[in-house]
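my_file_22.pdb follows (PDB, C-alpha atoms):
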```pdb
ATOM      1  CA  MET A   1      37.023  -1.669   6.107
ATOM      2  CA  ALA A   2      39.962  -0.178   4.211
ATOM      3  CA  GLY A   3      39.372   2.723   1.860
ATOM      4  CA  ARG A   4      39.794   2.371  -1.870
ATOM      5  CA  LEU A   5      41.212   4.825  -4.381
ATOM      6  CA  SER A   6      40.108   4.417  -7.995
ATOM      7  CA  ILE A   7      41.489   6.532 -10.838
ATOM      8  CA  GLY A   8      39.138   6.606 -13.791
ATOM      9  CA  ARG A   9      41.628   8.063 -16.255
ATOM     10  CA  LEU A  10      45.289   9.002 -15.974
ATOM     11  CA  ALA A  11      46.638  11.166 -18.797
ATOM     12  CA  ALA A  12      50.405  11.763 -18.790
ATOM     13  CA  GLU A  13      52.434  14.090 -20.989
ATOM     14  CA  ALA A  14      56.239  13.863 -20.890
ATOM     15  CA  ARG A  15      58.804  16.399 -22.066
ATOM     16  CA  LEU A  16      62.439  15.611 -22.754
ATOM     17  CA  VAL A  17      65.006  18.260 -21.937
ATOM     18  CA  GLY A  18      67.963  18.075 -24.293
ATOM     19  CA  GLY A  19      66.393  15.718 -26.808
ATOM     20  CA  GLY A  20      66.091  11.947 -26.887
ATOM     21  CA  ASP A  21      63.853   9.121 -28.058
ATOM     22  CA  ALA A  22      60.324  10.312 -27.246
ATOM     23  CA  THR A  23      58.737   6.994 -28.261
ATOM     24  CA  ALA A  24      60.972   5.029 -25.913
ATOM     25  CA  LEU A  25      60.260   7.523 -23.145
ATOM     26  CA  ASP A  26      56.512   7.163 -23.614
ATOM     27  CA  ARG A  27      56.873   3.392 -23.374
ATOM     28  CA  ARG A  28      58.954   3.594 -20.202
ATOM     29  CA  LEU A  29      56.604   6.182 -18.733
ATOM     30  CA  GLY A  30      53.602   3.931 -19.300
ATOM     31  CA  ALA A  31      55.375   0.999 -17.677
ATOM     32  CA  ALA A  32      56.405   3.114 -14.694
ATOM     33  CA  LEU A  33      52.856   4.333 -14.118
ATOM     34  CA  ARG A  34      51.308   0.919 -14.629
ATOM     35  CA  ASP A  35      53.765  -1.058 -12.519
ATOM     36  CA  GLY A  36      55.036   1.366  -9.909
ATOM     37  CA  LEU A  37      52.283   3.861  -9.210
ATOM     38  CA  PRO A  38      49.739   1.605  -7.409
ATOM     39  CA  GLY A  39      52.243   0.570  -4.755
ATOM     40  CA  ALA A  40      53.574   4.104  -4.355
ATOM     41  CA  LEU A  41      50.050   5.452  -3.931
ATOM     42  CA  GLY A  42      49.314   2.851  -1.285
ATOM     43  CA  GLN A  43      52.200   4.184   0.791
ATOM     44  CA  ALA A  44      51.647   7.909   0.219
ATOM     45  CA  VAL A  45      47.892   8.473   0.074
ATOM     46  CA  VAL A  46      45.771   8.896   3.199
ATOM     47  CA  LEU A  47      42.091   8.516   2.345
ATOM     48  CA  PRO A  48      39.185  10.270   4.134
ATOM     49  CA  ALA A  49      37.655   8.953   7.338
ATOM     50  CA  GLU A  50      36.342   5.414   7.115
ATOM     51  CA  GLY A  51      33.030   5.312   5.291
ATOM     52  CA  ALA A  52      33.392   8.725   3.670
ATOM     53  CA  VAL A  53      32.752   9.060  -0.064
ATOM     54  CA  LEU A  54      35.064  11.334  -2.049
ATOM     55  CA  ARG A  55      34.567  12.125  -5.720
ATOM     56  CA  ILE A  56      37.099  14.198  -7.629
ATOM     57  CA  ARG A  57      36.597  15.391 -11.164
ATOM     58  CA  ARG A  58      40.165  16.296 -12.054
ATOM     59  CA  LEU A  59      43.609  16.792 -10.512
ATOM     60  CA  ARG A  60      46.558  18.303 -12.366
ATOM     61  CA  LEU A  61      50.115  17.452 -11.331
ATOM     62  CA  ASP A  62      53.469  18.756 -12.561
ATOM     63  CA  VAL A  63      56.341  16.392 -11.773
ATOM     64  CA  THR A  64      60.002  17.004 -12.609
ATOM     65  CA  LEU A  65      62.801  14.424 -12.484
ATOM     66  CA  ALA A  66      66.145  16.205 -12.347
ATOM     67  CA  GLU A  67      68.379  13.127 -12.187
ATOM     68  CA  GLY A  68      67.298  11.243 -15.283
ATOM     69  CA  PHE A  69      64.481   8.773 -15.755
ATOM     70  CA  ASP A  70      63.993   6.463 -12.798
ATOM     71  CA  PRO A  71      60.655   4.585 -12.847
ATOM     72  CA  ALA A  72      60.535   4.157  -9.071
ATOM     73  CA  ALA A  73      61.429   7.805  -8.461
ATOM     74  CA  LEU A  74      58.772   8.915 -10.938
ATOM     75  CA  ALA A  75      56.080   6.775  -9.323
ATOM     76  CA  HIS A  76      57.069   8.081  -5.889
ATOM     77  CA  ALA A  77      57.051  11.721  -7.033
ATOM     78  CA  ILE A  78      53.607  11.371  -8.614
ATOM     79  CA  ALA A  79      52.249   9.590  -5.541
ATOM     80  CA  VAL A  80      53.545  12.296  -3.204
ATOM     81  CA  GLN A  81      52.033  15.082  -5.306
ATOM     82  CA  LEU A  82      48.769  13.208  -5.692
ATOM     83  CA  ALA A  83      48.602  12.620  -1.943
ATOM     84  CA  GLY A  84      49.026  16.346  -1.343
ATOM     85  CA  ALA A  85      46.349  17.202  -3.892
ATOM     86  CA  LEU A  86      43.979  14.708  -2.266
ATOM     87  CA  ARG A  87      44.598  16.186   1.178
ATOM     88  CA  ALA A  88      43.773  19.629  -0.176
ATOM     89  CA  ALA A  89      40.601  18.350  -1.855
ATOM     90  CA  ILE A  90      39.465  16.610   1.339
ATOM     91  CA  ALA A  91      40.211  19.647   3.506
ATOM     92  CA  GLN A  92      38.437  22.076   1.187
ATOM     93  CA  PRO A  93      36.194  20.480  -1.449
ATOM     94  CA  GLY A  94      35.341  22.850  -4.268
ATOM     95  CA  THR A  95      34.401  22.848  -7.917
ATOM     96  CA  GLU A  96      36.590  19.811  -8.656
ATOM     97  CA  ALA A  97      35.877  17.706  -5.555
ATOM     98  CA  ARG A  98      32.910  16.657  -3.419
ATOM     99  CA  ILE A  99      32.865  14.652  -0.190
ATOM    100  CA  TRP A 100      30.087  13.007   1.837
ATOM    101  CA  PRO A 101      30.371  11.480   5.333
ATOM    102  CA  ASP A 102      29.021   8.065   4.336
ATOM    103  CA  PRO A 103      27.412   6.162   1.439
ATOM    104  CA  ALA A 104      23.880   6.929   2.666
ATOM    105  CA  ALA A 105      24.553  10.669   2.521
ATOM    106  CA  TYR A 106      26.047  10.199  -0.949
ATOM    107  CA  MET A 107      22.984   8.335  -2.213
ATOM    108  CA  ALA A 108      20.642  10.874  -0.619
ATOM    109  CA  ALA A 109      22.543  13.690  -2.318
ATOM    110  CA  TYR A 110      22.118  11.890  -5.633
ATOM    111  CA  ALA A 111      18.379  11.490  -5.025
ATOM    112  CA  GLU A 112      17.976  15.180  -4.193
ATOM    113  CA  HIS A 113      20.077  16.110  -7.216
ATOM    114  CA  ARG A 114      17.893  14.069  -9.568
ATOM    115  CA  LEU A 115      14.720  15.540  -8.069
ATOM    116  CA  GLY A 116      16.017  19.100  -8.350
ATOM    117  CA  LEU A 117      16.086  19.625  -4.587
ATOM    118  CA  ALA A 118      19.815  20.279  -4.335
ATOM    119  CA  ALA A 119      22.366  21.441  -6.867
ATOM    120  CA  ALA A 120      25.239  19.074  -7.586
ATOM    121  CA  PRO A 121      27.396  18.324 -10.638
ATOM    122  CA  ASP A 122      26.587  15.224 -12.671
ATOM    123  CA  TRP A 123      30.238  14.113 -12.641
ATOM    124  CA  ALA A 124      30.048  13.534  -8.872
ATOM    125  CA  PHE A 125      27.737  10.526  -9.294
ATOM    126  CA  PRO A 126      29.453   8.006 -11.590
ATOM    127  CA  ASP A 127      28.196   5.173  -9.362
ATOM    128  CA  PHE A 128      24.678   5.706 -10.684
ATOM    129  CA  ALA A 129      25.475   5.662 -14.396
ATOM    130  CA  ALA A 130      22.960   2.839 -14.894
ATOM    131  CA  LEU A 131      20.170   5.230 -13.838
ATOM    132  CA  ARG A 132      21.293   8.036 -16.125
ATOM    133  CA  HIS A 133      18.691   7.382 -18.805
ATOM    134  CA  LEU A 134      15.746   7.273 -16.385
ATOM    135  CA  SER A 135      13.766  10.315 -15.356
ATOM    136  CA  GLY A 136      14.589  11.789 -11.968
ATOM    137  CA  SER A 137      11.502  10.231 -10.383
ATOM    138  CA  GLU A 138      12.161   6.824 -11.904
ATOM    139  CA  ALA A 139      15.826   6.883 -10.875
ATOM    140  CA  VAL A 140      15.046   7.805  -7.266
ATOM    141  CA  ALA A 141      12.271   5.219  -7.020
ATOM    142  CA  GLU A 142      14.608   2.518  -8.349
ATOM    143  CA  LEU A 143      17.297   3.501  -5.859
ATOM    144  CA  MET A 144      14.992   3.695  -2.843
ATOM    145  CA  ALA A 145      13.286   0.419  -3.715
ATOM    146  CA  VAL A 146      16.548  -1.422  -3.078
ATOM    147  CA  ARG A 147      17.811   1.017  -0.420
ATOM    148  CA  PRO A 148      14.891   1.596   1.977
ATOM    149  CA  GLY A 149      17.416   2.791   4.554
ATOM    150  CA  LEU A 150      17.553   6.056   2.609
ATOM    151  CA  LEU A 151      14.133   7.015   3.965
ATOM    152  CA  PRO A 152      15.356   8.343   7.360
ATOM    153  CA  VAL A 153      18.296  10.102   5.699
ATOM    154  CA  LEU A 154      16.036  11.903   3.239
ATOM    155  CA  ALA A 155      13.524  12.652   5.998
ATOM    156  CA  ALA A 156      16.244  14.236   8.134
ATOM    157  CA  ARG A 157      17.577  16.268   5.214
ATOM    158  CA  GLY A 158      14.077  17.444   4.395
ATOM    159  CA  GLU A 159      13.428  18.287   8.044
ATOM    160  CA  ALA A 160      16.540  20.460   8.024
ATOM    161  CA  GLU A 161      15.014  22.372   5.094
ATOM    162  CA  GLY A 162      11.635  22.744   6.786
ATOM    163  CA  ASP A 163       9.691  19.806   5.330
ATOM    164  CA  PRO A 164      10.660  16.170   5.929
ATOM    165  CA  ALA A 165       8.314  15.049   3.140
ATOM    166  CA  ARG A 166       9.541  17.479   0.508
ATOM    167  CA  MET A 167      10.986  14.794  -1.763
ATOM    168  CA  ALA A 168       7.623  13.000  -1.954
ATOM    169  CA  ALA A 169       6.095  16.023  -3.666
ATOM    170  CA  ARG A 170       8.806  15.901  -6.343
ATOM    171  CA  LEU A 171       8.217  12.266  -7.285
ATOM    172  CA  GLU A 172       5.850  11.516 -10.116
ATOM    173  CA  GLU A 173       2.858   9.622  -8.752
ATOM    174  CA  ALA A 174       3.514   6.528 -10.861
ATOM    175  CA  ALA A 175       7.071   6.274  -9.526
ATOM    176  CA  ALA A 176       5.972   6.899  -5.924
ATOM    177  CA  LEU A 177       3.282   4.233  -6.168
ATOM    178  CA  ARG A 178       5.719   1.694  -7.625
ATOM    179  CA  LEU A 179       8.111   2.438  -4.777
ATOM    180  CA  VAL A 180       5.470   1.996  -2.065
ATOM    181  CA  LEU A 181       4.243  -1.250  -3.630
ATOM    182  CA  ALA A 182       7.820  -2.531  -3.949
ATOM    183  CA  TRP A 183       8.388  -1.910  -0.249
ATOM    184  CA  ALA A 184       5.070  -3.552   0.632
ATOM    185  CA  ALA A 185       6.080  -6.688  -1.273
ATOM    186  CA  ARG A 186       9.380  -7.094   0.563
ATOM    187  CA  THR A 187       9.608  -9.582   3.400
ATOM    188  CA  ASP A 188      13.059  -8.614   4.657
ATOM    189  CA  LEU A 189      12.268  -5.161   6.046
ATOM    190  CA  PRO A 190      12.547  -4.799   9.838
ATOM    191  CA  VAL A 191       9.410  -4.698  11.953
ATOM    192  CA  PRO A 192       8.745  -1.103  13.102
ATOM    193  CA  ASP A 193       9.646  -0.526  16.728
ATOM    194  CA  ALA A 194       7.277   1.028  19.244
ATOM    195  CA  GLY A 195       8.625   4.523  18.638
ATOM    196  CA  LEU A 196       8.063   4.398  14.895
ATOM    197  CA  SER A 197       4.646   2.792  15.298
ATOM    198  CA  ALA A 198       3.597   5.596  17.642
ATOM    199  CA  ALA A 199       4.976   8.214  15.257
ATOM    200  CA  VAL A 200       3.006   6.707  12.381
ATOM    201  CA  ALA A 201      -0.153   6.748  14.494
ATOM    202  CA  ARG A 202       0.353  10.434  15.266
ATOM    203  CA  ALA A 203       1.077  11.185  11.612
ATOM    204  CA  VAL A 204      -2.223   9.650  10.495
ATOM    205  CA  THR A 205      -4.212  12.832  10.917
ATOM    206  CA  SER A 206      -7.488  13.632   9.225
ATOM    207  CA  ALA A 207      -5.551  15.651   6.648
ATOM    208  CA  ALA A 208      -3.235  12.703   5.979
ATOM    209  CA  LEU A 209      -6.209  10.381   5.539
ATOM    210  CA  ALA A 210      -7.777  12.862   3.150
ATOM    211  CA  ASP A 211      -4.555  12.891   1.125
ATOM    212  CA  LEU A 212      -4.708   9.109   0.840
ATOM    213  CA  ARG A 213      -8.077   9.425  -0.872
ATOM    214  CA  THR A 214      -6.733  11.753  -3.557
ATOM    215  CA  ASP A 215      -5.423  10.753  -6.971
ATOM    216  CA  ALA A 216      -1.864  10.589  -5.579
ATOM    217  CA  PRO A 217      -1.939   7.828  -2.939
ATOM    218  CA  GLY A 218       1.660   6.814  -3.639
ATOM    219  CA  ARG A 219       3.034  10.260  -2.846
ATOM    220  CA  SER A 220       0.709  10.525   0.153
ATOM    221  CA  VAL A 221       1.902   7.248   1.683
ATOM    222  CA  LEU A 222       5.525   8.200   1.061
ATOM    223  CA  ALA A 223       4.987  11.624   2.642
ATOM    224  CA  LEU A 224       3.368   9.965   5.652
ATOM    225  CA  ALA A 225       6.342   7.618   6.034
ATOM    226  CA  LEU A 226       8.828  10.484   5.749
ATOM    227  CA  ARG A 227       7.043  12.609   8.366
ATOM    228  CA  ALA A 228       6.708   9.695  10.787
ATOM    229  CA  THR A 229      10.365   8.787  10.321
ATOM    230  CA  ALA A 230      11.445  12.376  10.919
ATOM    231  CA  ALA A 231       9.323  12.530  14.070
ATOM    232  CA  THR A 232      10.933   9.344  15.367
ATOM    233  CA  GLY A 233      14.392  10.771  14.731
ATOM    234  CA  ALA A 234      13.511  13.984  16.562
ATOM    235  CA  GLU A 235      12.411  12.012  19.615
ATOM    236  CA  ALA A 236      15.512   9.795  19.705
TER
END
```
Would you mind writing the file's structure down as structure tokens?
Amino acid sequence: MAGRLSIGRLAAEARLVGGGDATALDRRLGAALRDGLPGALGQAVVLPAEGAVLRIRRLRLDVTLAEGFDPAALAHAIAVQLAGALRAAIAQPGTEARIWPDPAAYMAAYAEHRLGLAAAPDWAFPDFAALRHLSGSEAVAELMAVRPGLLPVLAARGEAEGDPARMAARLEEAAALRLVLAWAARTDLPVPDAGLSAAVARAVTSAALADLRTDAPGRSVLALALRATAATGAEA
């Protein structure tokens, strides 16, 4: 699958050396960017490894045309500079750029961000604008309800921090219960294999059963699923 580069906003400021018709220049500049830049970018830009997700807040470019206004030359010069800036952002993400190895890692980072488990800037998650007005728990429950494949990713990330079920404790009980019930109602989820079934059996300890009888059964079931999933991953 080919990568895709999307530019949310492109602001251009032109300066004329020696005077001239600034209005006409603005018009020609807009046409050059609109008509010539997409093709020039396609030739100059090398995107991250297939599947990687790159989000950039802002890039600043300074382009000079010494031989007069040439739309094709301008588009090429911008594309070359933008390609270099992208390479730098990919090689060393910082305050203006973030990169994740795949969409699952990107979604997991968003979930942890909304639950306060990992710091990340809001601008890095424009894909989830529709969830912006929900609480963190509600947003994560909505996302995981349609993306159950996030469970092993979040379990592994939690395991790396010492607790595979840590995100379950951050979910409000109502959201966790809605999530568990949404999964239970689905008929398209894969049947657990022998390894996962055995891991679930081992995870159902007396303490886990006691948790299920508390006033937070949704969080308890989710925590059980996360721990069993992490155990399966550790055995693989």
Write out as a PDB file with C-alpha atoms, keeping the file's coordinate frame the residues lying within 8 Å of Leu59 (chain A), counting only C-alpha atoms and excluding same-chain residues fewer than 6 positions away.
```
ATOM      1  CA  LEU A  82      48.769  13.208  -5.692  1.00  0.00           C
ATOM      2  CA  ALA A  85      46.349  17.202  -3.892  1.00  0.00           C
ATOM      3  CA  GLU A  96      36.590  19.811  -8.656  1.00  0.00           C
TER       4      GLU A  96
END
```
In Å, how far is it from CA of Tyr110 (chain A) to CA of Phe128 (chain A)?
-> 8.4 Å
d(CA of Gly218 (chain A), CA of Glu173 (chain A)) in Å |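 Between CA of Gly218 (chain A) and CA of Glu173 (chain A) the gap works out to 6.0 Å.
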If you apply the PyMOL selection byres ((chain A and resi 168) around 9) to this file, what residues do you get, as a short mmCIF file (atom, residue, chain, number, x, y, z; two decimals) with C-alpha atoms, in the frame of the given file?
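Written out: selection-v3.cif:
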```
data_model
loop_
_atom_site.label_atom_id
_atom_site.label_comp_id
_atom_site.auth_asym_id
_atom_site.auth_seq_id
_atom_site.Cartn_x
_atom_site.Cartn_y
_atom_site.Cartn_z
CA ALA A 165 8.31 15.05 3.14
CA ARG A 166 9.54 17.48 0.51
CA MET A 167 10.99 14.79 -1.76
CA ALA A 169 6.10 16.02 -3.67
CA ARG A 170 8.81 15.90 -6.34
CA LEU A 171 8.22 12.27 -7.28
CA GLU A 172 5.85 11.52 -10.12
CA GLU A 173 2.86 9.62 -8.75
CA ALA A 176 5.97 6.90 -5.92
CA GLY A 218 1.66 6.81 -3.64
CA ARG A 219 3.03 10.26 -2.85
CA SER A 220 0.71 10.52 0.15
CA VAL A 221 1.90 7.25 1.68
CA LEU A 222 5.52 8.20 1.06
CA ALA A 223 4.99 11.62 2.64
CA LEU A 226 8.83 10.48 5.75
#
```
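Using only C-alpha atoms, the shortest contact distance between Ala75 (chain A) and any of A:Gly158, A:Gly39, A:Pro121, A:Pro164 is found at A:Gly39.
Closest approach to Ile90 (chain A) from the set A:Ala119, A:Ala129, A:Leu54, A:Met107 is made by A:Leu54, with distances taken over all atoms listed in the file.
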Between CA of Ala89 (chain A) and CA of Ala12 (chain A), measure the distance and give it in Å to one decimal.
-> 20.6 Å
List, as a ChimeraX atom specification, every residue that the PyMOL selection byres ((chain A and resi 137-148) around 6) selects in the file provided.
-> /A:111,131,134-136,149-151,171-172,175,179
List, as number ranges by chain, every residue that the PyMOL selection byres ((chain A and resi 99) around 7) selects in the file provided.
-> A: 53-55, 93, 97-98, 100-101
Kindly export the residues of the current selection with C-alpha atoms, as an mmCIF file, in the coordinates of the input.
```cif
data_model
loop_
_atom_site.group_PDB
_atom_site.id
_atom_site.type_symbol
_atom_site.label_atom_id
_atom_site.label_comp_id
_atom_site.auth_asym_id
_atom_site.auth_seq_id
_atom_site.Cartn_x
_atom_site.Cartn_y
_atom_site.Cartn_z
ATOM 1 C CA VAL A 53 32.752 9.060 -0.064
ATOM 2 C CA LEU A 54 35.064 11.334 -2.049
ATOM 3 C CA ARG A 55 34.567 12.125 -5.720
ATOM 4 C CA PRO A 93 36.194 20.480 -1.449
ATOM 5 C CA ALA A 97 35.877 17.706 -5.555
ATOM 6 C CA ARG A 98 32.910 16.657 -3.419
ATOM 7 C CA TRP A 100 30.087 13.007 1.837
ATOM 8 C CA PRO A 101 30.371 11.480 5.333
#
```
